[in-house]
Amino acid sequence: MGFHLPKNFFVTGEPMIYVADVLSVLTIAGIVFVLTYYKKWKWLWDEWLTTVDHKKIGIMYLISSLLMLFRGGIDGLLMRTQLALPNLHILDAEHYNQIFTAHGTIMIFFMAMPFIFGLMNVAVPLQIGARDVAFPYLNAVSFWLFFAGCMLFNIAFMIGGAPDAGWTNYTPLAGSDLAPGPGINYYLLSLQISGIGSLMTGINFLVTILKMRAPGMTLMRMPMFTWSVLITSIIIIFAFPVLTVALALLTIDRLFGSHFFTIAGGGEPMMWANLFWIWGHPEVYIVVLPAFGIFSEVISTFARKRLFGYGAMVYSMVVISAVSFLTWVHHFFTMGAGPAVNSFFSISTMAIAIPTGVKVFNWLFTLYKGRIEFTTPMLWAVGFIPTFLIGGLTGVMLAVAPADYQYHNSYFLISHFHYVLVGGTVFGCLAGLYYWWPKMFGFKLDERQGKWAFWLFNIGFNVCFFPQYFVGLMGMTRRMYTYPEGLGWTPYNFISTVGAYMMGVGFLIMVYNILYSVRHGERDLTGDIWNGRTLEWSISSPAPHYNFARIPEVDDLDAWWHMKQRKRKQPWELRPLKPIHMPNNSGRPFIMSIWFFIAGFGLVFEWYWMGIIGLLGVLYCMLKRSFEYDDHHYIQVDEIERTESAAGRA
Ligand code: HEM
Ligand SMILES: [Cu+2]
């Protein structure tokens, strides 16, 4: 109990941290100044902080994840700078450990996941002809929990000290004996808070997709991205509770002195590794299946063809999701489980290559004889195929258990998972960002700049990560903060660092493209700027608050494409407008996340009084919600008419 500031409450002693301190204060001051100067506080509150609109929540996810791509990317560049040449000491060992931990954790939890969630939020309700998700209020809670967790994690390196046991946070390294202090607590509590949000997102989208599809949209007429989100939601619902339990057990170990993971106390350190990867392996499919969904949409749109092998695409995802829960031990073949266990997990891992291969062939067959148009989203989608092949093939190599004894935890692995995570997930996120951007904002991102960014990022990516396969086979291990001369590693590392900087430049061009296109981007007046196939392109851009003035009726796959072919109006398009039922905005999700943040922050420092106050705040918010009866309103017909005709719709 008690309130004593630890000796190093404010982290000192590192010039880089002072720079980060100053930059953070300046950024916050800048934001406050701009909001005050332009009198935008009320706008911020009314339009964004209290919104329950899935499109706006999606946009907030996307902004946050782009920021985190920047932060995690800077961490990556710092590490690559340090490794560019032998014997560099820009970072010391301790700082290096903190940086790779922050990098991995941020990239997975606060960049890849929210990026996917952002695109899900923006696109899924529009693709299924719905007016929002099933539980809009819960959706806002999910977002703000992610945000609170993200902020909690991000302040660690300035206040109290950052975690340094890697993003996998293995015990006993992460236990309180070897890692006293708040660092690991930050990891545990921020992931706990954002993880609850993720679980609720999974439930929300499962229900949304099962219950809110437009009439006529049977399961086998759903767009492929929606399918991928449905499968992903199911994986989330099975996987995240495991993470929740693992994090809770380790938190109890650290804060209250239990011994779930300490051998000496009768606990089992390997249990952490098992629990972590029972969640962690499916997690990689949580971030990559929606990317597959995006590639399917983009490829069929810009090849102007129906997706080849739709049914096979669906079944392959179902198989992948099931098998993904049977492979987790491939993350620790070397930890002595024995030949029988290792063989089982080796074979199950390789089995995943089959349904994945089916998908790759289906994309290729969709491209075959298509009228291909190389727009920016299409470049990312086509660029994904070779990178993912390389990542997948080296994955099969890693799945050979005896061989893994050779390259386990070497740079070979680092290269493999970046090929899958960057070449799969990040390429997919960026394809989706360029693709749905006009739907979100009503203008297109500049194509010429988009192509420059794509080529720089893609070439930079391969220059960065391909050499790492070789330096890994030569014996360079991961998480190595510096290395001596004369091992033959230097040229590989140097080239790799050059590639990393090329990716950095590519990212900056993307950011510039956004700023440039706000002013100069081509306006999307039709709502269907790519000549799309699915329902989101049937409404104006940006999509109106209520999405669909009339709920469409679907009679085929690629519903909007067929509606366009028919040219005459459908009966449902002639029906009179009716008032639309919408949920009210609420500030409570945002406020509740502040209470969560306070509770988390208190527990990080073991200030239990603060933890309790925070949790009481959370409870109070939930009580208030239970007694809220007036939580919706209707949009009247004349307002719908005005909005539709302003967008050029009858
Ligand atoms: C922007 C370009 C990127 C660069 C330059 C980069 C660089 C690195 C480096 C140098 C390491 C190795 C740390 C070490 O073992 O010493 C690393 C680890 C890692 N990276 Fe990246 N990375 C990038 C993007 C990403 C992305 C997009 C993701 C995920 C979506 C990601 C996920 C990870 C993970 C999970 C680790 C393992 C961290 C650990 O060992 O605890 N990286 N990255
Ligand atoms: Cu795995």
# chains A, B, ... in the order shown; residues from 1 in each chain; ligands from 1
$ residues_near_ligand --ligand "ligand 2" --cutoff "7 Å" --atoms "only C-alpha atoms and all ligand atoms" --output "list in words"
Gly280, His281, Thr327, Trp328, His330 and His331 of chain A
$ write_last_selection --atoms "C-alpha atoms" --output "PDB file, in the first residue's frame"
ATOM      1  CA  GLY A 280      -0.240 -16.060 -29.678  1.00  0.00           C
ATOM      2  CA  HIS A 281      -0.308 -18.416 -32.588  1.00  0.00           C
ATOM      3  CA  THR A 327       0.290 -25.543 -33.628  1.00  0.00           C
ATOM      4  CA  TRP A 328       1.424 -23.432 -30.686  1.00  0.00           C
ATOM      5  CA  HIS A 330       6.263 -24.824 -32.761  1.00  0.00           C
ATOM      6  CA  HIS A 331       7.319 -21.698 -30.869  1.00  0.00           C
TER       7      HIS A 331
END
$ select_by_dssp --residues "stretch 184-364 of chain A" --states "helix (DSSP H, G or I)" --output "ChimeraX atom specification"
/A:184-211,219-221,224-256,269-302,310-326,328-335,339-351,353-364
$ residues_near_ligand --ligand "ligand 1" --cutoff "8 Å" --atoms "only C-alpha atoms and all ligand atoms" --output "ChimeraX atom specification"
/A:69,72-77,79-80,83,96-97,100-105,107-108,111-112,165-169,411,414,417-418,421-422,425-426,461,464,477-481,497,500-501,503-504
$ residues_around --residues "stretch 178-180 of chain A" --least-positions-apart "6" --cutoff "10 Å" --atoms "only C-alpha atoms" --output "list of chain:residue names"
A:Pro163, A:Asp164, A:Ala165, A:Thr171, A:Pro172, A:Arg254
$ write_last_selection --atoms "C-alpha atoms" --output "JSON list (two decimals), in the first residue's frame"
[["chain", "number", "residue", "atom", "x", "y", "z"],
["A", 163, "PRO", "CA", 9.40, -3.61, -19.95],
["A", 164, "ASP", "CA", 12.38, -5.50, -21.34],
["A", 165, "ALA", "CA", 11.50, -9.20, -21.44],
["A", 171, "THR", "CA", 8.85, -16.22, -17.30],
["A", 172, "PRO", "CA", 11.04, -16.43, -15.23],
["A", 254, "ARG", "CA", 4.13, -10.12, -9.43]]
$ residues_around --residues "A:Thr301" --least-positions-apart "4" --cutoff "10 Å" --atoms "only C-alpha atoms" --output "number ranges by chain"
A: 295-297, 305-307, 370-373, 378, 530-534, 558, 561
$ select_by_dssp --residues "stretch 494-602 of chain A" --states "strand (DSSP E)" --output "PyMOL selection string"
chain A and resi 580-583
$ atom_distance --atom1 "atom CA of A:Gln127" --atom2 "atom CA of A:Ile209"
9.9 Å
$ atom_distance --atom1 "atom CA of A:Ile231" --atom2 "atom CA of A:Gly202"
9.6 Å
$ decode --residues "stretch 470-515 of chain A" --atoms "N, CA and C atoms" --output "JSON list (two decimals), in the first residue's frame"
[["chain", "number", "residue", "atom", "x", "y", "z"],
["A", 470, "PHE", "N", 20.09, -14.96, -44.44],
["A", 470, "PHE", "CA", 21.45, -15.50, -44.56],
["A", 470, "PHE", "C", 22.24, -15.27, -43.30],
["A", 471, "VAL", "N", 22.14, -14.05, -42.76],
["A", 471, "VAL", "CA", 22.92, -13.77, -41.56],
["A", 471, "VAL", "C", 22.39, -14.61, -40.40],
["A", 472, "GLY", "N", 21.13, -14.98, -40.47],
["A", 472, "GLY", "CA", 20.58, -15.88, -39.46],
["A", 472, "GLY", "C", 21.19, -17.27, -39.59],
["A", 473, "LEU", "N", 21.26, -17.77, -40.83],
["A", 473, "LEU", "CA", 21.87, -19.09, -41.02],
["A", 473, "LEU", "C", 23.35, -19.07, -40.66],
["A", 474, "MET", "N", 23.96, -17.88, -40.73],
["A", 474, "MET", "CA", 25.37, -17.77, -40.33],
["A", 474, "MET", "C", 25.54, -17.69, -38.82],
["A", 475, "GLY", "N", 24.43, -17.67, -38.10],
["A", 475, "GLY", "CA", 24.54, -17.77, -36.64],
["A", 475, "GLY", "C", 24.20, -16.51, -35.87],
["A", 476, "MET", "N", 23.77, -15.46, -36.54],
["A", 476, "MET", "CA", 23.41, -14.26, -35.77],
["A", 476, "MET", "C", 22.06, -14.51, -35.08],
["A", 477, "THR", "N", 22.05, -14.36, -33.78],
["A", 477, "THR", "CA", 20.81, -14.61, -33.05],
["A", 477, "THR", "C", 19.99, -13.34, -32.91],
["A", 478, "ARG", "N", 18.71, -13.51, -32.62],
["A", 478, "ARG", "CA", 17.84, -12.35, -32.42],
["A", 478, "ARG", "C", 18.15, -11.72, -31.06],
["A", 479, "ARG", "N", 17.69, -10.53, -30.84],
["A", 479, "ARG", "CA", 17.83, -9.81, -29.58],
["A", 479, "ARG", "C", 19.29, -9.64, -29.18],
["A", 480, "MET", "N", 20.14, -9.43, -30.17],
["A", 480, "MET", "CA", 21.57, -9.27, -29.94],
["A", 480, "MET", "C", 21.84, -7.79, -30.11],
["A", 481, "TYR", "N", 22.39, -7.14, -29.10],
["A", 481, "TYR", "CA", 22.42, -5.67, -29.21],
["A", 481, "TYR", "C", 23.64, -5.15, -29.93],
["A", 482, "THR", "N", 24.71, -5.97, -30.01],
["A", 482, "THR", "CA", 25.84, -5.59, -30.83],
["A", 482, "THR", "C", 26.63, -6.85, -31.13],
["A", 483, "TYR", "N", 27.56, -6.79, -32.08],
["A", 483, "TYR", "CA", 28.28, -8.00, -32.47],
["A", 483, "TYR", "C", 29.70, -7.61, -32.87],
["A", 484, "PRO", "N", 30.65, -8.54, -32.72],
["A", 484, "PRO", "CA", 32.03, -8.20, -33.06],
["A", 484, "PRO", "C", 32.30, -8.25, -34.56],
["A", 485, "GLU", "N", 33.42, -7.73, -34.95],
["A", 485, "GLU", "CA", 33.85, -7.80, -36.35],
["A", 485, "GLU", "C", 34.29, -9.22, -36.71],
["A", 486, "GLY", "N", 34.42, -9.46, -38.00],
["A", 486, "GLY", "CA", 35.11, -10.67, -38.43],
["A", 486, "GLY", "C", 34.26, -11.92, -38.49],
["A", 487, "LEU", "N", 32.92, -11.77, -38.34],
["A", 487, "LEU", "CA", 32.06, -12.95, -38.45],
["A", 487, "LEU", "C", 31.44, -13.04, -39.84],
["A", 488, "GLY", "N", 31.72, -12.03, -40.66],
["A", 488, "GLY", "CA", 31.12, -12.00, -42.00],
["A", 488, "GLY", "C", 29.69, -11.48, -42.00],
["A", 489, "TRP", "N", 29.24, -10.92, -40.88],
["A", 489, "TRP", "CA", 27.84, -10.46, -40.80],
["A", 489, "TRP", "C", 27.66, -9.03, -41.29],
["A", 490, "THR", "N", 28.79, -8.30, -41.32],
["A", 490, "THR", "CA", 28.65, -6.85, -41.50],
["A", 490, "THR", "C", 27.92, -6.45, -42.78],
["A", 491, "PRO", "N", 28.30, -6.98, -43.98],
["A", 491, "PRO", "CA", 27.61, -6.51, -45.17],
["A", 491, "PRO", "C", 26.10, -6.76, -45.11],
["A", 492, "TYR", "N", 25.71, -7.92, -44.62],
["A", 492, "TYR", "CA", 24.27, -8.23, -44.54],
["A", 492, "TYR", "C", 23.56, -7.22, -43.66],
["A", 493, "ASN", "N", 24.16, -6.96, -42.51],
["A", 493, "ASN", "CA", 23.52, -6.04, -41.59],
["A", 493, "ASN", "C", 23.45, -4.63, -42.16],
["A", 494, "PHE", "N", 24.52, -4.25, -42.84],
["A", 494, "PHE", "CA", 24.53, -2.89, -43.37],
["A", 494, "PHE", "C", 23.44, -2.73, -44.43],
["A", 495, "ILE", "N", 23.38, -3.71, -45.35],
["A", 495, "ILE", "CA", 22.35, -3.64, -46.41],
["A", 495, "ILE", "C", 20.96, -3.63, -45.78],
["A", 496, "SER", "N", 20.79, -4.46, -44.77],
["A", 496, "SER", "CA", 19.49, -4.54, -44.11],
["A", 496, "SER", "C", 19.08, -3.17, -43.56],
["A", 497, "THR", "N", 20.03, -2.48, -42.96],
["A", 497, "THR", "CA", 19.70, -1.17, -42.39],
["A", 497, "THR", "C", 19.33, -0.18, -43.48],
["A", 498, "VAL", "N", 20.04, -0.24, -44.62],
["A", 498, "VAL", "CA", 19.69, 0.66, -45.72],
["A", 498, "VAL", "C", 18.24, 0.42, -46.13],
["A", 499, "GLY", "N", 17.85, -0.86, -46.23],
["A", 499, "GLY", "CA", 16.48, -1.19, -46.59],
["A", 499, "GLY", "C", 15.49, -0.63, -45.58],
["A", 500, "ALA", "N", 15.83, -0.72, -44.29],
["A", 500, "ALA", "CA", 14.92, -0.21, -43.27],
["A", 500, "ALA", "C", 14.68, 1.28, -43.46],
["A", 501, "TYR", "N", 15.73, 2.02, -43.80],
["A", 501, "TYR", "CA", 15.54, 3.46, -44.03],
["A", 501, "TYR", "C", 14.70, 3.72, -45.27],
["A", 502, "MET", "N", 14.84, 2.87, -46.29],
["A", 502, "MET", "CA", 13.99, 3.05, -47.47],
["A", 502, "MET", "C", 12.52, 2.90, -47.09],
["A", 503, "MET", "N", 12.24, 1.91, -46.23],
["A", 503, "MET", "CA", 10.85, 1.75, -45.78],
["A", 503, "MET", "C", 10.39, 2.99, -45.04],
["A", 504, "GLY", "N", 11.29, 3.55, -44.24],
["A", 504, "GLY", "CA", 10.95, 4.76, -43.50],
["A", 504, "GLY", "C", 10.56, 5.88, -44.44],
["A", 505, "VAL", "N", 11.33, 6.04, -45.53],
["A", 505, "VAL", "CA", 11.01, 7.10, -46.49],
["A", 505, "VAL", "C", 9.66, 6.81, -47.14],
["A", 506, "GLY", "N", 9.43, 5.54, -47.47],
["A", 506, "GLY", "CA", 8.14, 5.16, -48.06],
["A", 506, "GLY", "C", 6.99, 5.55, -47.14],
["A", 507, "PHE", "N", 7.17, 5.31, -45.84],
["A", 507, "PHE", "CA", 6.12, 5.65, -44.88],
["A", 507, "PHE", "C", 5.90, 7.16, -44.86],
["A", 508, "LEU", "N", 6.99, 7.93, -44.87],
["A", 508, "LEU", "CA", 6.84, 9.39, -44.84],
["A", 508, "LEU", "C", 6.08, 9.88, -46.08],
["A", 509, "ILE", "N", 6.35, 9.26, -47.24],
["A", 509, "ILE", "CA", 5.61, 9.68, -48.44],
["A", 509, "ILE", "C", 4.12, 9.39, -48.28],
["A", 510, "MET", "N", 3.82, 8.27, -47.63],
["A", 510, "MET", "CA", 2.40, 7.98, -47.40],
["A", 510, "MET", "C", 1.74, 9.05, -46.53],
["A", 511, "VAL", "N", 2.47, 9.45, -45.48],
["A", 511, "VAL", "CA", 1.91, 10.48, -44.60],
["A", 511, "VAL", "C", 1.75, 11.79, -45.38],
["A", 512, "TYR", "N", 2.78, 12.11, -46.19],
["A", 512, "TYR", "CA", 2.68, 13.33, -46.99],
["A", 512, "TYR", "C", 1.50, 13.24, -47.94],
["A", 513, "ASN", "N", 1.31, 12.06, -48.51],
["A", 513, "ASN", "CA", 0.21, 11.85, -49.45],
["A", 513, "ASN", "C", -1.14, 12.19, -48.79],
["A", 514, "ILE", "N", -1.28, 11.79, -47.52],
["A", 514, "ILE", "CA", -2.54, 12.08, -46.83],
["A", 514, "ILE", "C", -2.71, 13.59, -46.71],
["A", 515, "LEU", "N", -1.65, 14.29, -46.26],
["A", 515, "LEU", "CA", -1.75, 15.74, -46.09],
["A", 515, "LEU", "C", -2.02, 16.42, -47.43]]
